[in-house]
Amino acid sequence: WAPWNGVDRPFDAEFRPVRHEWSNQAAFRSINVDDPAMADFCRKCDVSNVPALAGFVGGRRVETLVGRRSTQE
């Protein structure tokens, strides 16, 4: 997310039910991409725009989805 991005808040609101449904199977975290301490992490996850959703298995990134998507996809 980024404080200046107007898409992030509606995306977060749509994603809440998904996070709740999967909470016992997955951990969800949110980071501010403008935070200098997160710059390396964002590069490693190929975050080129926000919102972005990165998936990890066993601590390794398996995919990064950039842009707002329907929760039905």
# chains A, B, ... in the order shown; residues from 1 in each chain; ligands from 1
$ select_by_dssp --residues "chain A" --states "alpha helix (DSSP H)" --output "list in words"
Asp8, Arg9, Pro10, Phe11, Asp12, Ala13, Glu14, Phe15, Arg16, Pro17, Val18, Arg19, His20, Glu21, Ala39, Asp40, Phe41, Cys42, Arg43 and Lys44 of chain A
$ write_last_selection --atoms "C-alpha atoms" --output "compact mmCIF listing (two decimals), in the first residue's frame"
# COMPACT_ATOMS: atom_id res chain seq x y z
CA ASP A 8 -5.39 0.65 -1.83
CA ARG A 9 -8.15 1.31 0.70
CA PRO A 10 -11.00 -0.09 -1.44
CA PHE A 11 -8.78 -3.07 -2.37
CA ASP A 12 -8.09 -3.69 1.31
CA ALA A 13 -11.80 -3.54 2.12
CA GLU A 14 -12.60 -6.08 -0.63
CA PHE A 15 -9.79 -8.34 0.51
CA ARG A 16 -10.82 -8.47 4.19
CA PRO A 17 -13.28 -11.38 3.74
CA VAL A 18 -10.62 -13.37 1.87
CA ARG A 19 -8.10 -12.76 4.64
CA HIS A 20 -10.65 -13.86 7.22
CA GLU A 21 -11.60 -16.99 5.27
CA ALA A 39 12.70 -0.94 -0.55
CA ASP A 40 14.80 -4.11 -0.82
CA PHE A 41 11.83 -6.32 0.04
CA CYS A 42 9.69 -4.62 -2.63
CA ARG A 43 12.43 -5.10 -5.24
CA LYS A 44 12.80 -8.78 -4.34
$ select_by_dssp --residues "chain A" --states "strand (DSSP E)" --output "PyMOL selection string"
chain A and resi 52-57+60-66
$ write_last_selection --atoms "N, CA, C and O atoms" --output "JSON list (two decimals), in the first residue's frame"
[["chain", "number", "residue", "atom", "x", "y", "z"],
["A", 52, "ALA", "N", -0.25, -4.46, -4.71],
["A", 52, "ALA", "CA", 0.44, -5.69, -5.14],
["A", 52, "ALA", "C", 0.24, -6.74, -4.06],
["A", 52, "ALA", "O", 0.17, -6.44, -2.88],
["A", 53, "LEU", "N", 0.14, -7.97, -4.50],
["A", 53, "LEU", "CA", -0.06, -9.09, -3.59],
["A", 53, "LEU", "C", 1.00, -10.13, -3.91],
["A", 53, "LEU", "O", 1.09, -10.60, -5.04],
["A", 54, "ALA", "N", 1.84, -10.44, -2.93],
["A", 54, "ALA", "CA", 2.90, -11.43, -3.13],
["A", 54, "ALA", "C", 2.56, -12.69, -2.35],
["A", 54, "ALA", "O", 2.13, -12.61, -1.20],
["A", 55, "GLY", "N", 2.75, -13.83, -2.98],
["A", 55, "GLY", "CA", 2.49, -15.11, -2.33],
["A", 55, "GLY", "C", 3.80, -15.82, -2.03],
["A", 55, "GLY", "O", 4.70, -15.85, -2.87],
["A", 56, "PHE", "N", 3.91, -16.37, -0.83],
["A", 56, "PHE", "CA", 5.11, -17.06, -0.39],
["A", 56, "PHE", "C", 4.75, -18.46, 0.08],
["A", 56, "PHE", "O", 3.72, -18.66, 0.70],
["A", 57, "VAL", "N", 5.61, -19.41, -0.20],
["A", 57, "VAL", "CA", 5.48, -20.77, 0.31],
["A", 57, "VAL", "C", 6.84, -21.13, 0.89],
["A", 57, "VAL", "O", 7.86, -21.04, 0.21],
["A", 60, "ARG", "N", 9.63, -18.56, 0.48],
["A", 60, "ARG", "CA", 10.06, -18.18, -0.87],
["A", 60, "ARG", "C", 8.88, -17.62, -1.64],
["A", 60, "ARG", "O", 7.80, -18.18, -1.65],
["A", 61, "ARG", "N", 9.15, -16.51, -2.33],
["A", 61, "ARG", "CA", 8.08, -15.90, -3.13],
["A", 61, "ARG", "C", 7.79, -16.78, -4.33],
["A", 61, "ARG", "O", 8.68, -17.21, -5.05],
["A", 62, "VAL", "N", 6.51, -17.08, -4.54],
["A", 62, "VAL", "CA", 6.11, -17.90, -5.68],
["A", 62, "VAL", "C", 5.40, -17.09, -6.75],
["A", 62, "VAL", "O", 5.38, -17.49, -7.91],
["A", 63, "GLU", "N", 4.82, -15.96, -6.37],
["A", 63, "GLU", "CA", 4.15, -15.13, -7.36],
["A", 63, "GLU", "C", 3.86, -13.75, -6.78],
["A", 63, "GLU", "O", 3.66, -13.60, -5.58],
["A", 64, "THR", "N", 3.87, -12.75, -7.66],
["A", 64, "THR", "CA", 3.45, -11.40, -7.29],
["A", 64, "THR", "C", 2.41, -10.95, -8.29],
["A", 64, "THR", "O", 2.63, -11.00, -9.49],
["A", 65, "LEU", "N", 1.25, -10.55, -7.79],
["A", 65, "LEU", "CA", 0.19, -10.01, -8.62],
["A", 65, "LEU", "C", 0.14, -8.51, -8.40],
["A", 65, "LEU", "O", 0.02, -8.06, -7.26],
["A", 66, "VAL", "N", 0.23, -7.74, -9.46],
["A", 66, "VAL", "CA", 0.24, -6.29, -9.36],
["A", 66, "VAL", "C", -1.05, -5.76, -9.96],
["A", 66, "VAL", "O", -1.47, -6.18, -11.03]]
$ closest_residue --among "A:Val50, A:Met38, A:Val33, A:Ala26" --to "Gly6 in chain A" --atoms "only C-alpha atoms"
A:Val50
$ decode --residues "range 35-68 of chain A" --atoms "N, CA and C atoms" --output "PDB file, in the first residue's frame"
ATOM      1  N   ASP A  35       8.050   3.227   2.490  1.00  0.00           N
ATOM      2  CA  ASP A  35       8.950   3.115   3.638  1.00  0.00           C
ATOM      3  C   ASP A  35      10.330   2.674   3.131  1.00  0.00           C
ATOM      4  N   PRO A  36      11.360   3.503   3.314  1.00  0.00           N
ATOM      5  CA  PRO A  36      12.700   3.150   2.822  1.00  0.00           C
ATOM      6  C   PRO A  36      13.194   1.798   3.348  1.00  0.00           C
ATOM      7  N   ALA A  37      12.770   1.411   4.526  1.00  0.00           N
ATOM      8  CA  ALA A  37      13.190   0.128   5.092  1.00  0.00           C
ATOM      9  C   ALA A  37      12.611  -1.057   4.311  1.00  0.00           C
ATOM     10  N   MET A  38      11.585  -0.823   3.490  1.00  0.00           N
ATOM     11  CA  MET A  38      10.941  -1.894   2.725  1.00  0.00           C
ATOM     12  C   MET A  38      11.398  -1.941   1.270  1.00  0.00           C
ATOM     13  N   ALA A  39      12.286  -1.038   0.859  1.00  0.00           N
ATOM     14  CA  ALA A  39      12.697  -0.936  -0.547  1.00  0.00           C
ATOM     15  C   ALA A  39      13.288  -2.239  -1.079  1.00  0.00           C
ATOM     16  N   ASP A  40      14.198  -2.859  -0.349  1.00  0.00           N
ATOM     17  CA  ASP A  40      14.797  -4.114  -0.815  1.00  0.00           C
ATOM     18  C   ASP A  40      13.756  -5.217  -0.922  1.00  0.00           C
ATOM     19  N   PHE A  41      12.884  -5.305   0.062  1.00  0.00           N
ATOM     20  CA  PHE A  41      11.829  -6.322   0.037  1.00  0.00           C
ATOM     21  C   PHE A  41      10.935  -6.134  -1.179  1.00  0.00           C
ATOM     22  N   CYS A  42      10.553  -4.901  -1.478  1.00  0.00           N
ATOM     23  CA  CYS A  42       9.691  -4.623  -2.629  1.00  0.00           C
ATOM     24  C   CYS A  42      10.388  -5.004  -3.933  1.00  0.00           C
ATOM     25  N   ARG A  43      11.674  -4.705  -4.048  1.00  0.00           N
ATOM     26  CA  ARG A  43      12.430  -5.097  -5.245  1.00  0.00           C
ATOM     27  C   ARG A  43      12.466  -6.616  -5.391  1.00  0.00           C
ATOM     28  N   LYS A  44      12.723  -7.313  -4.302  1.00  0.00           N
ATOM     29  CA  LYS A  44      12.801  -8.776  -4.342  1.00  0.00           C
ATOM     30  C   LYS A  44      11.463  -9.401  -4.716  1.00  0.00           C
ATOM     31  N   CYS A  45      10.378  -8.721  -4.388  1.00  0.00           N
ATOM     32  CA  CYS A  45       9.040  -9.239  -4.692  1.00  0.00           C
ATOM     33  C   CYS A  45       8.506  -8.729  -6.030  1.00  0.00           C
ATOM     34  N   ASP A  46       9.323  -7.974  -6.764  1.00  0.00           N
ATOM     35  CA  ASP A  46       8.910  -7.421  -8.060  1.00  0.00           C
ATOM     36  C   ASP A  46       7.682  -6.525  -7.955  1.00  0.00           C
ATOM     37  N   VAL A  47       7.592  -5.772  -6.871  1.00  0.00           N
ATOM     38  CA  VAL A  47       6.492  -4.820  -6.724  1.00  0.00           C
ATOM     39  C   VAL A  47       6.828  -3.597  -7.563  1.00  0.00           C
ATOM     40  N   SER A  48       6.106  -3.453  -8.680  1.00  0.00           N
ATOM     41  CA  SER A  48       6.352  -2.341  -9.589  1.00  0.00           C
ATOM     42  C   SER A  48       5.259  -1.286  -9.511  1.00  0.00           C
ATOM     43  N   ASN A  49       4.186  -1.617  -8.823  1.00  0.00           N
ATOM     44  CA  ASN A  49       3.061  -0.717  -8.675  1.00  0.00           C
ATOM     45  C   ASN A  49       2.234  -1.214  -7.495  1.00  0.00           C
ATOM     46  N   VAL A  50       1.291  -0.409  -7.046  1.00  0.00           N
ATOM     47  CA  VAL A  50       0.425  -0.823  -5.954  1.00  0.00           C
ATOM     48  C   VAL A  50      -1.023  -0.697  -6.409  1.00  0.00           C
ATOM     49  N   PRO A  51      -1.915  -1.512  -5.897  1.00  0.00           N
ATOM     50  CA  PRO A  51      -1.652  -2.554  -4.921  1.00  0.00           C
ATOM     51  C   PRO A  51      -0.936  -3.748  -5.549  1.00  0.00           C
ATOM     52  N   ALA A  52      -0.248  -4.464  -4.713  1.00  0.00           N
ATOM     53  CA  ALA A  52       0.443  -5.685  -5.136  1.00  0.00           C
ATOM     54  C   ALA A  52       0.238  -6.744  -4.060  1.00  0.00           C
ATOM     55  N   LEU A  53       0.138  -7.970  -4.497  1.00  0.00           N
ATOM     56  CA  LEU A  53      -0.062  -9.092  -3.589  1.00  0.00           C
ATOM     57  C   LEU A  53       1.005 -10.130  -3.913  1.00  0.00           C
ATOM     58  N   ALA A  54       1.843 -10.441  -2.931  1.00  0.00           N
ATOM     59  CA  ALA A  54       2.903 -11.433  -3.130  1.00  0.00           C
ATOM     60  C   ALA A  54       2.560 -12.691  -2.350  1.00  0.00           C
ATOM     61  N   GLY A  55       2.750 -13.827  -2.982  1.00  0.00           N
ATOM     62  CA  GLY A  55       2.493 -15.108  -2.332  1.00  0.00           C
ATOM     63  C   GLY A  55       3.795 -15.824  -2.033  1.00  0.00           C
ATOM     64  N   PHE A  56       3.906 -16.372  -0.831  1.00  0.00           N
ATOM     65  CA  PHE A  56       5.110 -17.060  -0.388  1.00  0.00           C
ATOM     66  C   PHE A  56       4.753 -18.461   0.085  1.00  0.00           C
ATOM     67  N   VAL A  57       5.607 -19.407  -0.202  1.00  0.00           N
ATOM     68  CA  VAL A  57       5.482 -20.766   0.308  1.00  0.00           C
ATOM     69  C   VAL A  57       6.841 -21.135   0.889  1.00  0.00           C
ATOM     70  N   GLY A  58       6.843 -21.505   2.161  1.00  0.00           N
ATOM     71  CA  GLY A  58       8.104 -21.858   2.810  1.00  0.00           C
ATOM     72  C   GLY A  58       9.105 -20.716   2.830  1.00  0.00           C
ATOM     73  N   GLY A  59       8.595 -19.480   2.863  1.00  0.00           N
ATOM     74  CA  GLY A  59       9.479 -18.316   2.906  1.00  0.00           C
ATOM     75  C   GLY A  59       9.990 -17.860   1.552  1.00  0.00           C
ATOM     76  N   ARG A  60       9.630 -18.557   0.480  1.00  0.00           N
ATOM     77  CA  ARG A  60      10.062 -18.183  -0.865  1.00  0.00           C
ATOM     78  C   ARG A  60       8.885 -17.616  -1.641  1.00  0.00           C
ATOM     79  N   ARG A  61       9.147 -16.509  -2.333  1.00  0.00           N
ATOM     80  CA  ARG A  61       8.082 -15.900  -3.132  1.00  0.00           C
ATOM     81  C   ARG A  61       7.787 -16.784  -4.333  1.00  0.00           C
ATOM     82  N   VAL A  62       6.515 -17.078  -4.540  1.00  0.00           N
ATOM     83  CA  VAL A  62       6.114 -17.902  -5.678  1.00  0.00           C
ATOM     84  C   VAL A  62       5.396 -17.089  -6.753  1.00  0.00           C
ATOM     85  N   GLU A  63       4.824 -15.955  -6.375  1.00  0.00           N
ATOM     86  CA  GLU A  63       4.152 -15.128  -7.363  1.00  0.00           C
ATOM     87  C   GLU A  63       3.863 -13.752  -6.781  1.00  0.00           C
ATOM     88  N   THR A  64       3.866 -12.745  -7.656  1.00  0.00           N
ATOM     89  CA  THR A  64       3.447 -11.404  -7.285  1.00  0.00           C
ATOM     90  C   THR A  64       2.405 -10.946  -8.289  1.00  0.00           C
ATOM     91  N   LEU A  65       1.254 -10.550  -7.792  1.00  0.00           N
ATOM     92  CA  LEU A  65       0.188 -10.008  -8.623  1.00  0.00           C
ATOM     93  C   LEU A  65       0.141  -8.508  -8.395  1.00  0.00           C
ATOM     94  N   VAL A  66       0.233  -7.744  -9.461  1.00  0.00           N
ATOM     95  CA  VAL A  66       0.237  -6.289  -9.358  1.00  0.00           C
ATOM     96  C   VAL A  66      -1.051  -5.755  -9.959  1.00  0.00           C
ATOM     97  N   GLY A  67      -1.678  -4.841  -9.242  1.00  0.00           N
ATOM     98  CA  GLY A  67      -2.920  -4.231  -9.710  1.00  0.00           C
ATOM     99  C   GLY A  67      -4.114  -4.799  -8.974  1.00  0.00           C
ATOM    100  N   ARG A  68      -5.191  -4.073  -9.037  1.00  0.00           N
ATOM    101  CA  ARG A  68      -6.418  -4.491  -8.357  1.00  0.00           C
ATOM    102  C   ARG A  68      -7.089  -5.581  -9.166  1.00  0.00           C
TER     103      ARG A  68
END
